[in-house]
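Source file: my_file-v4.cif. Holds: mmCIF, C-alpha atoms.
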data_model
loop_
_atom_site.label_atom_id
_atom_site.label_comp_id
_atom_site.auth_asym_id
_atom_site.auth_seq_id
_atom_site.Cartn_x
_atom_site.Cartn_y
_atom_site.Cartn_z
CA MET T 1 11.94 -19.98 21.56
CA LYS T 2 9.30 -17.99 23.42
CA THR T 3 5.56 -18.74 23.31
CA ASN T 4 3.83 -16.02 21.32
CA LYS T 5 0.85 -14.07 22.66
CA LEU T 6 -2.26 -15.11 20.73
CA SER T 7 -5.63 -13.49 20.26
CA VAL T 8 -8.68 -14.34 18.17
CA GLY T 9 -10.69 -11.98 15.99
CA ILE T 10 -14.30 -11.98 17.17
CA TRP T 11 -15.42 -11.90 13.51
CA THR T 12 -14.20 -15.47 13.01
CA TYR T 13 -17.46 -16.57 14.62
CA GLY T 14 -19.62 -14.68 12.12
CA LYS T 15 -22.15 -16.09 9.67
CA CYS T 16 -19.50 -16.11 6.89
CA SER T 17 -21.53 -14.76 4.02
CA ASP T 18 -20.10 -14.55 0.52
CA ARG T 19 -21.26 -13.23 -2.86
CA TYR T 20 -23.16 -16.47 -3.52
CA VAL T 21 -24.69 -17.12 -0.09
CA SER T 22 -25.37 -13.64 1.27
CA ASP T 23 -27.11 -15.02 4.37
CA GLY T 24 -23.96 -16.90 5.32
CA TYR T 25 -23.25 -20.54 6.07
CA LYS T 26 -23.60 -20.35 9.84
CA PRO T 27 -26.23 -19.50 12.44
CA PHE T 28 -25.88 -16.05 13.99
CA LEU T 29 -23.97 -15.95 17.29
CA ASP T 30 -24.47 -12.91 19.47
CA PHE T 31 -21.62 -11.14 21.26
CA ASP T 32 -21.88 -13.14 24.50
CA GLN T 33 -21.92 -16.43 22.61
CA ARG T 34 -18.76 -15.47 20.74
CA ILE T 35 -17.04 -14.57 24.01
CA GLU T 36 -17.92 -17.99 25.40
CA LYS T 37 -16.45 -19.64 22.30
CA ILE T 38 -13.14 -17.83 22.67
CA LYS T 39 -13.10 -18.53 26.38
CA SER T 40 -13.55 -22.25 25.74
CA LEU T 41 -10.59 -22.67 23.38
CA LYS T 42 -8.01 -25.13 24.72
CA GLU T 43 -5.62 -22.40 25.79
CA ASN T 44 -6.19 -18.88 27.00
CA CYS T 45 -6.25 -16.49 24.03
CA ASP T 46 -7.19 -12.83 24.05
CA ILE T 47 -9.65 -11.02 21.79
CA GLU T 48 -9.46 -8.60 18.86
CA LEU T 49 -12.50 -6.38 18.30
CA ASN T 50 -14.00 -3.70 16.06
CA TYR T 51 -14.98 -0.12 16.87
CA PRO T 52 -17.78 0.93 16.94
CA ASN T 53 -19.49 -2.40 16.15
CA ASP T 54 -18.24 -4.48 19.09
CA LEU T 55 -16.91 -1.86 21.47
CA ASN T 56 -18.11 1.74 21.73
CA GLU T 57 -18.90 4.58 24.11
CA GLU T 58 -22.22 3.06 25.19
CA ASN T 59 -21.12 -0.50 25.95
CA TYR T 60 -17.41 -0.52 26.77
CA LYS T 61 -17.81 -0.57 30.58
CA GLU T 62 -20.19 -3.53 30.51
CA ARG T 63 -18.16 -5.42 27.95
CA MET T 64 -14.84 -4.83 29.66
CA CYS T 65 -16.40 -6.41 32.76
CA LYS T 66 -17.38 -9.43 30.67
CA PHE T 67 -13.86 -9.72 29.28
CA SER T 68 -12.43 -9.58 32.78
CA GLU T 69 -14.82 -12.28 33.99
CA ALA T 70 -13.84 -14.44 31.00
CA GLY T 71 -10.12 -13.86 31.57
CA LEU T 72 -9.72 -12.05 28.24
CA LYS T 73 -7.67 -8.99 27.35
CA VAL T 74 -8.37 -6.73 24.38
CA SER T 75 -5.34 -7.16 22.11
CA VAL T 76 -6.15 -4.72 19.31
CA ILE T 77 -9.15 -2.63 18.26
CA ASN T 78 -9.98 -2.35 14.55
CA VAL T 79 -11.49 0.93 13.34
CA GLU T 80 -14.42 0.30 10.96
CA LEU T 81 -13.61 2.31 7.83
CA VAL T 82 -14.59 -0.17 5.12
CA CYS T 83 -17.71 -2.26 5.73
CA GLU T 84 -20.25 0.57 5.59
CA THR T 85 -21.75 2.14 2.47
CA GLN T 86 -20.64 5.61 3.52
CA TRP T 87 -16.99 4.71 2.86
CA LYS T 88 -17.54 3.68 -0.79
CA HIS T 89 -15.37 6.57 -2.02
CA GLY T 90 -12.72 6.14 0.65
CA SER T 91 -12.02 7.35 4.17
CA PHE T 92 -8.73 9.13 4.86
CA SER T 93 -8.09 9.64 1.12
CA SER T 94 -11.63 10.50 0.00
CA PHE T 95 -12.11 13.43 -2.40
CA ASP T 96 -14.94 14.47 -0.04
CA SER T 97 -13.47 16.52 2.81
CA SER T 98 -16.43 15.68 5.06
CA MET T 99 -15.64 11.96 4.75
CA ARG T 100 -11.97 12.56 5.50
CA GLU T 101 -12.99 14.49 8.60
CA LEU T 102 -15.36 11.70 9.61
CA ALA T 103 -12.58 9.10 9.25
CA ILE T 104 -10.29 11.19 11.45
CA LEU T 105 -13.04 11.73 14.02
CA ARG T 106 -13.92 8.03 14.18
CA THR T 107 -10.28 7.08 14.58
CA LYS T 108 -9.80 9.59 17.39
CA LYS T 109 -12.90 8.27 19.15
CA ALA T 110 -11.53 4.74 18.81
CA MET T 111 -8.27 5.97 20.36
CA ASP T 112 -10.25 7.33 23.31
CA ILE T 113 -11.93 3.94 23.77
CA ALA T 114 -8.59 2.16 23.48
CA GLU T 115 -7.17 4.38 26.21
CA VAL T 116 -9.89 3.54 28.75
CA CYS T 117 -9.84 -0.14 27.77
CA ASN T 118 -6.07 -0.44 28.38
CA CYS T 119 -5.42 -1.30 24.72
CA ASN T 120 -2.46 0.45 23.13
CA THR T 121 -2.98 -0.45 19.44
CA LEU T 122 -5.58 0.36 16.79
CA ASN T 123 -5.66 -1.49 13.48
CA LEU T 124 -6.44 0.55 10.36
CA TRP T 125 -7.38 -1.49 7.28
CA LEU T 126 -8.15 1.06 4.55
CA GLY T 127 -9.57 -1.25 1.88
CA LEU T 128 -11.63 1.48 0.21
CA ASP T 129 -8.79 3.97 0.03
CA GLY T 130 -7.65 3.34 -3.50
CA PHE T 131 -9.21 3.14 -6.95
CA ASP T 132 -10.89 0.86 -9.49
CA TYR T 133 -10.08 2.41 -12.89
CA VAL T 134 -7.30 4.29 -14.66
CA PHE T 135 -7.74 8.06 -14.67
CA GLU T 136 -10.13 7.75 -11.71
CA ALA T 137 -7.96 8.96 -8.85
CA ASP T 138 -5.68 11.90 -8.17
CA TYR T 139 -2.90 9.72 -6.76
CA ARG T 140 -0.84 12.58 -5.38
CA LYS T 141 -3.75 14.12 -3.49
CA GLY T 142 -4.97 10.74 -2.23
CA TRP T 143 -1.56 9.84 -0.84
CA ASN T 144 -1.09 13.25 0.76
CA TYR T 145 -4.53 13.03 2.38
CA LEU T 146 -3.55 9.66 3.86
CA VAL T 147 -0.32 11.00 5.31
CA GLU T 148 -1.93 14.14 6.70
CA GLY T 149 -4.96 12.39 8.21
CA ILE T 150 -3.03 9.58 9.84
CA ARG T 151 -0.46 12.05 11.16
CA GLU T 152 -3.24 14.11 12.77
CA CYS T 153 -4.63 11.03 14.49
CA ALA T 154 -1.22 9.84 15.63
CA LYS T 155 -0.50 13.19 17.27
CA TYR T 156 -3.88 13.17 19.02
CA ARG T 157 -2.81 10.40 21.41
CA PRO T 158 0.91 9.58 21.03
CA ASN T 159 0.57 6.70 23.53
CA ILE T 160 -1.87 4.85 21.24
CA ARG T 161 -0.29 3.13 18.25
CA LEU T 162 -1.85 3.08 14.78
CA ALA T 163 -1.10 -0.09 12.80
CA LEU T 164 -1.73 0.13 9.04
CA GLU T 165 -2.92 -3.19 7.60
CA TYR T 166 -1.86 -3.32 3.96
CA LYS T 167 -3.63 -5.29 1.25
CA ILE T 168 -3.11 -5.36 -2.50
CA ASN T 169 -6.80 -5.02 -3.34
CA GLU T 170 -10.34 -5.51 -2.05
CA PRO T 171 -12.83 -3.97 -1.84
CA ASN T 172 -11.12 -1.54 -4.24
CA MET T 173 -9.47 -3.14 -7.24
CA LYS T 174 -6.27 -1.36 -6.17
CA CYS T 175 -5.52 -0.17 -2.63
CA TYR T 176 -3.11 2.68 -1.93
CA ILE T 177 -1.51 0.85 1.01
CA ASN T 178 -0.82 -2.38 -0.85
CA SER T 179 2.58 -3.67 0.27
CA ALA T 180 4.89 -3.77 3.26
CA GLY T 181 7.17 -1.23 1.59
CA LYS T 182 4.41 1.32 0.89
CA ALA T 183 2.98 0.87 4.38
CA LEU T 184 6.42 1.52 5.83
CA ALA T 185 6.91 4.56 3.60
CA LEU T 186 3.64 6.05 4.82
CA CYS T 187 4.64 5.42 8.44
CA LEU T 188 7.93 7.23 7.97
CA LEU T 189 6.32 10.13 6.09
CA THR T 190 4.03 10.86 9.04
CA GLY T 191 7.08 11.48 11.20
CA CYS T 192 5.27 9.78 14.09
CA SER T 193 6.83 6.85 15.94
CA ASN T 194 3.38 5.54 16.93
CA VAL T 195 2.43 4.77 13.31
CA GLY T 196 3.36 1.24 12.25
CA VAL T 197 2.14 -1.76 10.31
CA THR T 198 -0.06 -4.81 10.72
CA LEU T 199 1.40 -7.68 8.71
CA ASP T 200 -1.39 -10.00 7.62
CA PHE T 201 0.27 -13.25 6.49
CA GLY T 202 -2.30 -13.82 3.73
CA HIS T 203 -2.18 -10.23 2.47
CA SER T 204 1.59 -10.52 2.24
CA LEU T 205 1.21 -13.64 0.07
CA ASN T 206 -1.33 -11.85 -2.15
CA ALA T 207 1.20 -9.04 -2.63
CA ASN T 208 3.72 -11.66 -3.86
CA GLU T 209 5.89 -11.12 -0.79
CA ASN T 210 7.71 -13.56 1.41
CA PRO T 211 6.07 -12.82 4.79
CA ALA T 212 9.27 -13.50 6.74
CA GLU T 213 11.21 -10.99 4.64
CA SER T 214 8.50 -8.36 5.09
CA ALA T 215 8.47 -8.96 8.85
CA ALA T 216 12.25 -8.53 8.98
CA LEU T 217 12.03 -5.30 6.98
CA LEU T 218 9.36 -3.83 9.27
CA MET T 219 11.00 -4.96 12.50
CA GLY T 220 14.29 -3.47 11.37
CA GLU T 221 12.55 -0.09 11.43
CA LYS T 222 10.65 -0.89 14.66
CA ARG T 223 7.34 -0.60 12.80
CA LEU T 224 5.82 -4.08 13.07
CA PHE T 225 3.02 -3.43 15.56
CA HIS T 226 0.67 -6.35 14.94
CA VAL T 227 0.31 -9.65 13.06
CA HIS T 228 -2.70 -11.44 11.55
CA ILE T 229 -2.36 -15.11 10.66
CA ASN T 230 -4.27 -17.13 8.07
CA ASP T 231 -3.44 -18.72 4.71
CA ASN T 232 -4.50 -18.72 1.05
CA TYR T 233 -3.52 -20.02 -2.37
CA GLY T 234 -1.89 -16.72 -3.32
CA ILE T 235 -4.63 -15.43 -5.62
CA CYS T 236 -7.41 -14.32 -3.25
CA ASP T 237 -7.62 -13.43 0.42
CA ASP T 238 -9.12 -16.81 1.34
CA ASP T 239 -8.50 -16.43 5.10
CA MET T 240 -7.97 -20.17 5.58
CA PRO T 241 -6.54 -21.60 8.82
CA ALA T 242 -2.80 -20.99 9.10
CA GLY T 243 -0.59 -23.74 7.68
CA THR T 244 -3.17 -25.20 5.30
CA VAL T 245 -1.10 -24.17 2.24
CA HIS T 246 2.14 -22.31 3.00
CA TRP T 247 3.50 -24.20 6.00
CA PRO T 248 7.27 -23.87 5.21
CA GLN T 249 6.84 -20.11 4.77
CA PHE T 250 4.95 -19.98 8.06
CA ILE T 251 7.78 -21.74 9.88
CA GLU T 252 10.25 -19.21 8.49
CA PHE T 253 7.87 -16.40 9.48
CA ILE T 254 7.67 -17.54 13.11
CA TYR T 255 11.44 -18.10 13.13
CA TRP T 256 12.11 -14.49 12.12
CA LEU T 257 9.55 -13.03 14.51
CA ASP T 258 11.41 -14.78 17.31
CA LYS T 259 14.88 -13.97 15.96
CA LEU T 260 14.10 -10.24 15.84
CA GLY T 261 12.30 -10.15 19.19
CA TYR T 262 8.67 -9.66 18.23
CA SER T 263 6.65 -9.49 21.46
CA GLU T 264 3.26 -8.18 20.35
CA TRP T 265 0.08 -10.17 19.71
CA ILE T 266 -0.46 -12.59 16.86
CA SER T 267 -4.18 -12.65 16.02
CA VAL T 268 -6.11 -15.42 14.33
CA ASP T 269 -7.82 -13.72 11.37
CA ILE T 270 -9.64 -16.42 9.43
CA TYR T 271 -12.99 -16.63 7.67
CA PRO T 272 -14.09 -20.26 7.95
CA TYR T 273 -16.92 -20.23 5.41
CA ARG T 274 -17.90 -23.89 5.51
CA ASP T 275 -15.77 -25.01 8.47
CA GLU T 276 -16.84 -25.11 12.09
CA ALA T 277 -15.32 -21.90 13.48
CA GLN T 278 -14.18 -23.31 16.82
CA GLN T 279 -12.34 -26.17 15.15
CA ALA T 280 -10.74 -23.84 12.57
CA ASN T 281 -9.56 -21.40 15.25
CA GLN T 282 -8.22 -24.21 17.40
CA ALA T 283 -6.41 -25.76 14.42
CA THR T 284 -4.69 -22.43 13.76
CA ILE T 285 -3.67 -22.04 17.39
CA ASP T 286 -2.37 -25.62 17.53
CA PHE T 287 -0.39 -25.05 14.34
CA VAL T 288 1.29 -21.96 15.79
CA ARG T 289 2.36 -23.91 18.87
CA PHE T 290 3.66 -26.76 16.70
CA VAL T 291 5.62 -24.35 14.50
CA GLU T 292 7.19 -22.72 17.55
CA LYS T 293 8.62 -26.13 18.48
CA VAL T 294 9.86 -26.76 14.94
CA ALA T 295 11.49 -23.33 14.70
CA ALA T 296 13.19 -23.86 18.07
CA ASN T 297 14.85 -26.99 16.66
CA LEU T 298 16.05 -25.35 13.45
CA LYS T 299 19.77 -25.09 12.82
CA VAL T 300 19.93 -22.16 10.44
CA ASP T 301 23.08 -21.41 8.42
CA PHE T 302 22.29 -18.63 5.98
CA PHE T 303 23.48 -19.25 2.44
CA ASP T 304 27.09 -18.22 1.87
CA GLY T 305 27.90 -20.20 -1.25
CA THR T 306 29.54 -23.12 0.56
CA PHE T 307 26.54 -25.45 0.29
CA PRO T 308 23.64 -25.96 -2.12
CA LYS T 309 20.74 -23.53 -1.77
CA GLY T 310 18.26 -26.39 -1.50
CA MET T 311 19.76 -27.45 1.83
CA SER T 312 17.10 -25.40 3.61
CA ILE T 313 14.57 -28.22 3.22
CA THR T 314 17.11 -30.61 4.78
CA ARG T 315 17.31 -28.39 7.85
CA LEU T 316 13.52 -28.50 8.13
CA ILE T 317 13.57 -32.30 7.99
CA GLU T 318 16.19 -32.40 10.75
CA ALA T 319 14.11 -30.07 12.91
CA PHE T 320 11.10 -32.37 12.55
CA LYS T 321 13.19 -35.36 13.54
CA HIS T 322 14.08 -33.79 16.88
CA LEU T 323 10.54 -32.93 17.92
CA GLU T 324 9.42 -34.57 21.15
#
Encoding of this model in structure tokens:
Amino acid sequence: MKTNKLSVGIWTYGKCSDRYVSDGYKPFLDFDQRIEKIKSLKENCDIELNYPNDLNEENYKERMCKFSEAGLKVSVINVELVCETQWKHGSFSSFDSSMRELAILRTKKAMDIAEVCNCNTLNLWLGLDGFDYVFEADYRKGWNYLVEGIRECAKYRPNIRLALEYKINEPNMKCYINSAGKALALCLLTGCSNVGVTLDFGHSLNANENPAESAALLMGEKRLFHVHINDNYGICDDDMPAGTVHWPQFIEFIYWLDKLGYSEWISVDIYPYRDEAQQANQATIDFVRFVEKVAANLKVDFFDGTFPKGMSITRLIEAFKHLE
């Protein structure tokens, strides 16, 4: 089994505020301090950033020099279309045409930055494209706006890929792009091969999916462009370190990524509220490397009725026994 390319979201070193402690649980770390943290992880990981917060037209030259000096590559750039008040009624699907135009313009500008920064993938998490109440939204118009706006962006720079990160809810009570299947449907409706999906392991759990199955579905259509790893208890998007809850599912997930030839980045996307961020990131990275070894030792015989279904756990035990 190959060793996966890993990157770390720069936001994992944030103050980690929540609805109860709005000032966060951590001291503020500036951009340079966060770069030093990522650089000092036990193995060389790359970095995932946000546009325009972390990387923009004014600072990209200086910051790309810093990345180069630190030995870091930019894996993926996220387009900020959620965490600002202006997006409260949506971005690509907003009833306000000026906001839809602004979302398209910001995405195109992010594509320009990605081009000059030698990054071929943008992540689009559209958490405020959805609705809160029944009879609030014109679902048909909202969906059509999404397809049309994302198609326009995709055609702007066909060499830059747009990865749609689906999530069942939050901030909206219901998000339009809320499952692997709906994300894939939107990709196909654009008619653009550079529109794909970001599979966030925790979001997949929240959507009551099996992440490995969703990965196989997306890879079968050549639309799995990016992966975020974390964990949760299935109810909320807790963004815990990977493997803290669903470790058998994570082993199966890594197994299928390898089986189907996934070669893109896997990014650590956690929110370590009361944990030390460096330790939490390192624990996630270490778990991925451990799982790669376990998956390499797995002898998988898919169920054909000739043995009990529960034999899968036996195969896991055997894989653990043969670890060095």
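Comparing the minimum interatomic distances between Thr12 of chain T and each of T:Leu55, T:Leu199, T:Leu164, T:Met240, counting only C-alpha atoms, we find that T:Met240 sits nearest.
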**Message:** For this structure, which residues satisfy the selection - the PyMOL selection byres ((chain T and resi 136) around 12) - when it is evaluated on the file as given? I want them as a count of residues only.
**Reply:** 15
Which polymer residues have any atom within 7 Å of an atom of Asp46 of chain T, counting all atoms listed in the file, with same-chain residues fewer than 4 positions away left out, as a CSV table (one decimal) with C-alpha atoms, in the frame of the given file?
chain,number,residue,atom,x,y,z
T,6,LEU,CA,-2.3,-15.1,20.7
T,7,SER,CA,-5.6,-13.5,20.3
T,8,VAL,CA,-8.7,-14.3,18.2
T,72,LEU,CA,-9.7,-12.0,28.2
T,73,LYS,CA,-7.7,-9.0,27.4
T,74,VAL,CA,-8.4,-6.7,24.4
T,75,SER,CA,-5.3,-7.2,22.1
**Request:** On this file, the PyMOL selection byres ((chain T and resi 125) around 8) gives some set of residues; write that set as a PyMOL selection string.
**Result:** chain T and resi 78-79+81-82+123-124+126-127+164-166
**Asked** Applied to this file, what does the PyMOL selection byres ((chain T and resi 38-43) around 8) return in terms of residues, put as a list in words?
**Response** Val8, Arg34, Ile35, Glu36, Lys37, Asn44, Cys45, Asp46, Ile47, Ala70, Gly71, Leu72, Gln278 and Gln282 of chain T
**Prompt:** With distances taken over only C-alpha atoms, which of T:Glu57, T:Asp200, T:Asp32, T:Asp301 is nearest to Glu115 of chain T?
**Reply:** T:Glu57
**Item:** Neighbour list for Ala103 of chain T as an MDAnalysis selection string, cut-off 8 Å, all atoms listed in the file, skip fewer than 3 positions in-chain
**Value:** chainID T and resid 81 91:92 99:100 106:107
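With all atoms listed in the file as the atoms that count, the minimum distance from Ala114 of chain T to the choices T:Ser97, T:Ser179, T:Asn159, T:Asn144 is reached by T:Asn159.
Nearest residue to Tyr60 of chain T, choosing from T:Ile270, T:Asn4, T:Ile113, T:Trp143 and counting all atoms listed in the file: T:Ile113.
Of the listed residues T:Cys192, T:Ile168, T:Leu29, T:Ile10, the one whose atoms come nearest to Asp269 of chain T is T:Ile10, with distances taken using all atoms listed in the file.
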**Message:** Neighbouring residues of Val227 of chain T were defined as those with any atom within 10 Å, considering only C-alpha atoms; residues of the same chain fewer than 6 positions away were excluded. Please report them as a PyMOL selection string.
**Reply:** chain T and resi 6+163+165+197-201+215+257+262+264-269
**Message:** For Arg289 of chain T, find every residue with an atom within 8 Å (counting only C-alpha atoms), except residues of its own chain fewer than 4 positions away, and show them as a PyMOL selection string.
**Reply:** chain T and resi 3+285+293
Would you save the residues from that selection as a PDB file, in the coordinates of the input, using C-alpha atoms?
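Written file, selection15.pdb:
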ATOM      1  CA  THR T   3       5.560 -18.740  23.310  1.00  0.00           C
ATOM      2  CA  ILE T 285      -3.670 -22.040  17.390  1.00  0.00           C
ATOM      3  CA  LYS T 293       8.620 -26.130  18.480  1.00  0.00           C
TER       4      LYS T 293
END
**Request:** Extract, using only C-alpha atoms, all DNA, RNA and protein residues at most 12 Å from Trp256 of chain T, discarding same-chain residues fewer than 4 positions from it, and format them as an MDAnalysis selection string.
**Result:** chainID T and resid 1 210:220 249:252 260:263 292 295:296 298 300
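Coordinates place atom CA of Asn232 of chain T at a distance of 7.8 Å from atom CA of His246 of chain T.
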Centre and size of axis-aligned box enclosing segment 163-172 of chain T plus 4 Å each side, as JSON:
{"center_x": -7.0, "center_y": -2.7, "center_z": 4.3, "size_x": 19.7, "size_y": 13.6, "size_z": 25.0}
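When only C-alpha atoms are used to compute distances to Leu316 of chain T, the closest of the residues T:Trp87, T:Tyr145, T:Tyr255, T:Phe67 turns out to be T:Tyr255.
Across the model, the gap from atom CA of Met111 of chain T to atom CA of Asn50 of chain T is 12.0 Å.
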**Request:** Give me, please, the distance in Å between atom CA of Asp275 of chain T and atom CA of Phe31 of chain T, quoted to one decimal.
**Result:** 19.8 Å
Residue completion, segment 26-55 of chain T, N, CA and C atoms, as a PDB file, keeping the file's coordinate frame:
ATOM      1  N   LYS T  26     -23.545 -20.007   8.428  1.00  0.00           N
ATOM      2  CA  LYS T  26     -23.600 -20.350   9.840  1.00  0.00           C
ATOM      3  C   LYS T  26     -24.793 -19.675  10.519  1.00  0.00           C
ATOM      4  N   PRO T  27     -25.227 -20.215  11.638  1.00  0.00           N
ATOM      5  CA  PRO T  27     -26.230 -19.500  12.440  1.00  0.00           C
ATOM      6  C   PRO T  27     -25.589 -18.274  13.092  1.00  0.00           C
ATOM      7  N   PHE T  28     -26.390 -17.269  13.354  1.00  0.00           N
ATOM      8  CA  PHE T  28     -25.880 -16.050  13.990  1.00  0.00           C
ATOM      9  C   PHE T  28     -25.549 -16.316  15.451  1.00  0.00           C
ATOM     10  N   LEU T  29     -24.370 -15.887  15.875  1.00  0.00           N
ATOM     11  CA  LEU T  29     -23.970 -15.950  17.290  1.00  0.00           C
ATOM     12  C   LEU T  29     -23.883 -14.528  17.801  1.00  0.00           C
ATOM     13  N   ASP T  30     -24.542 -14.257  18.928  1.00  0.00           N
ATOM     14  CA  ASP T  30     -24.470 -12.910  19.470  1.00  0.00           C
ATOM     15  C   ASP T  30     -23.123 -12.712  20.182  1.00  0.00           C
ATOM     16  N   PHE T  31     -22.903 -11.504  20.670  1.00  0.00           N
ATOM     17  CA  PHE T  31     -21.620 -11.140  21.260  1.00  0.00           C
ATOM     18  C   PHE T  31     -21.237 -12.060  22.415  1.00  0.00           C
ATOM     19  N   ASP T  32     -22.171 -12.303  23.333  1.00  0.00           N
ATOM     20  CA  ASP T  32     -21.880 -13.140  24.500  1.00  0.00           C
ATOM     21  C   ASP T  32     -21.527 -14.563  24.097  1.00  0.00           C
ATOM     22  N   GLN T  33     -22.210 -15.077  23.077  1.00  0.00           N
ATOM     23  CA  GLN T  33     -21.920 -16.430  22.610  1.00  0.00           C
ATOM     24  C   GLN T  33     -20.512 -16.520  22.020  1.00  0.00           C
ATOM     25  N   ARG T  34     -20.102 -15.478  21.323  1.00  0.00           N
ATOM     26  CA  ARG T  34     -18.760 -15.470  20.740  1.00  0.00           C
ATOM     27  C   ARG T  34     -17.686 -15.409  21.836  1.00  0.00           C
ATOM     28  N   ILE T  35     -17.969 -14.636  22.880  1.00  0.00           N
ATOM     29  CA  ILE T  35     -17.040 -14.570  24.010  1.00  0.00           C
ATOM     30  C   ILE T  35     -16.872 -15.952  24.650  1.00  0.00           C
ATOM     31  N   GLU T  36     -17.971 -16.650  24.816  1.00  0.00           N
ATOM     32  CA  GLU T  36     -17.920 -17.990  25.400  1.00  0.00           C
ATOM     33  C   GLU T  36     -17.107 -18.935  24.531  1.00  0.00           C
ATOM     34  N   LYS T  37     -17.220 -18.797  23.220  1.00  0.00           N
ATOM     35  CA  LYS T  37     -16.450 -19.640  22.300  1.00  0.00           C
ATOM     36  C   LYS T  37     -14.949 -19.411  22.485  1.00  0.00           C
ATOM     37  N   ILE T  38     -14.558 -18.143  22.503  1.00  0.00           N
ATOM     38  CA  ILE T  38     -13.140 -17.830  22.670  1.00  0.00           C
ATOM     39  C   ILE T  38     -12.636 -18.295  24.028  1.00  0.00           C
ATOM     40  N   LYS T  39     -13.454 -18.105  25.026  1.00  0.00           N
ATOM     41  CA  LYS T  39     -13.100 -18.530  26.380  1.00  0.00           C
ATOM     42  C   LYS T  39     -12.887 -20.041  26.453  1.00  0.00           C
ATOM     43  N   SER T  40     -13.610 -20.796  25.641  1.00  0.00           N
ATOM     44  CA  SER T  40     -13.550 -22.250  25.740  1.00  0.00           C
ATOM     45  C   SER T  40     -12.508 -22.895  24.824  1.00  0.00           C
ATOM     46  N   LEU T  41     -11.698 -22.097  24.135  1.00  0.00           N
ATOM     47  CA  LEU T  41     -10.590 -22.670  23.380  1.00  0.00           C
ATOM     48  C   LEU T  41      -9.619 -23.354  24.347  1.00  0.00           C
ATOM     49  N   LYS T  42      -8.828 -24.286  23.848  1.00  0.00           N
ATOM     50  CA  LYS T  42      -8.010 -25.130  24.720  1.00  0.00           C
ATOM     51  C   LYS T  42      -6.968 -24.354  25.520  1.00  0.00           C
ATOM     52  N   GLU T  43      -6.532 -23.224  25.013  1.00  0.00           N
ATOM     53  CA  GLU T  43      -5.620 -22.400  25.790  1.00  0.00           C
ATOM     54  C   GLU T  43      -6.138 -20.976  25.821  1.00  0.00           C
ATOM     55  N   ASN T  44      -5.686 -20.234  26.799  1.00  0.00           N
ATOM     56  CA  ASN T  44      -6.190 -18.880  27.000  1.00  0.00           C
ATOM     57  C   ASN T  44      -5.679 -17.948  25.912  1.00  0.00           C
ATOM     58  N   CYS T  45      -6.589 -17.481  25.048  1.00  0.00           N
ATOM     59  CA  CYS T  45      -6.250 -16.490  24.030  1.00  0.00           C
ATOM     60  C   CYS T  45      -7.008 -15.206  24.359  1.00  0.00           C
ATOM     61  N   ASP T  46      -6.510 -14.094  23.843  1.00  0.00           N
ATOM     62  CA  ASP T  46      -7.190 -12.830  24.050  1.00  0.00           C
ATOM     63  C   ASP T  46      -8.079 -12.518  22.851  1.00  0.00           C
ATOM     64  N   ILE T  47      -8.616 -11.305  22.769  1.00  0.00           N
ATOM     65  CA  ILE T  47      -9.650 -11.020  21.790  1.00  0.00           C
ATOM     66  C   ILE T  47      -9.350  -9.736  21.028  1.00  0.00           C
ATOM     67  N   GLU T  48      -9.579  -9.778  19.721  1.00  0.00           N
ATOM     68  CA  GLU T  48      -9.460  -8.600  18.860  1.00  0.00           C
ATOM     69  C   GLU T  48     -10.868  -8.197  18.426  1.00  0.00           C
ATOM     70  N   LEU T  49     -11.144  -6.880  18.486  1.00  0.00           N
ATOM     71  CA  LEU T  49     -12.500  -6.380  18.300  1.00  0.00           C
ATOM     72  C   LEU T  49     -12.548  -5.252  17.276  1.00  0.00           C
ATOM     73  N   ASN T  50     -13.779  -4.821  16.965  1.00  0.00           N
ATOM     74  CA  ASN T  50     -14.000  -3.700  16.060  1.00  0.00           C
ATOM     75  C   ASN T  50     -14.685  -2.547  16.794  1.00  0.00           C
ATOM     76  N   TYR T  51     -14.309  -1.328  16.416  1.00  0.00           N
ATOM     77  CA  TYR T  51     -14.980  -0.120  16.870  1.00  0.00           C
ATOM     78  C   TYR T  51     -15.668   0.512  15.661  1.00  0.00           C
ATOM     79  N   PRO T  52     -16.928   0.919  15.751  1.00  0.00           N
ATOM     80  CA  PRO T  52     -17.780   0.930  16.940  1.00  0.00           C
ATOM     81  C   PRO T  52     -18.718  -0.270  17.054  1.00  0.00           C
ATOM     82  N   ASN T  53     -18.546  -1.279  16.199  1.00  0.00           N
ATOM     83  CA  ASN T  53     -19.490  -2.400  16.150  1.00  0.00           C
ATOM     84  C   ASN T  53     -19.503  -3.213  17.437  1.00  0.00           C
ATOM     85  N   ASP T  54     -18.324  -3.621  17.914  1.00  0.00           N
ATOM     86  CA  ASP T  54     -18.240  -4.480  19.090  1.00  0.00           C
ATOM     87  C   ASP T  54     -18.040  -3.696  20.382  1.00  0.00           C
ATOM     88  N   LEU T  55     -17.282  -2.639  20.290  1.00  0.00           N
ATOM     89  CA  LEU T  55     -16.910  -1.860  21.470  1.00  0.00           C
ATOM     90  C   LEU T  55     -17.103  -0.383  21.144  1.00  0.00           C
TER      91      LEU T  55
END
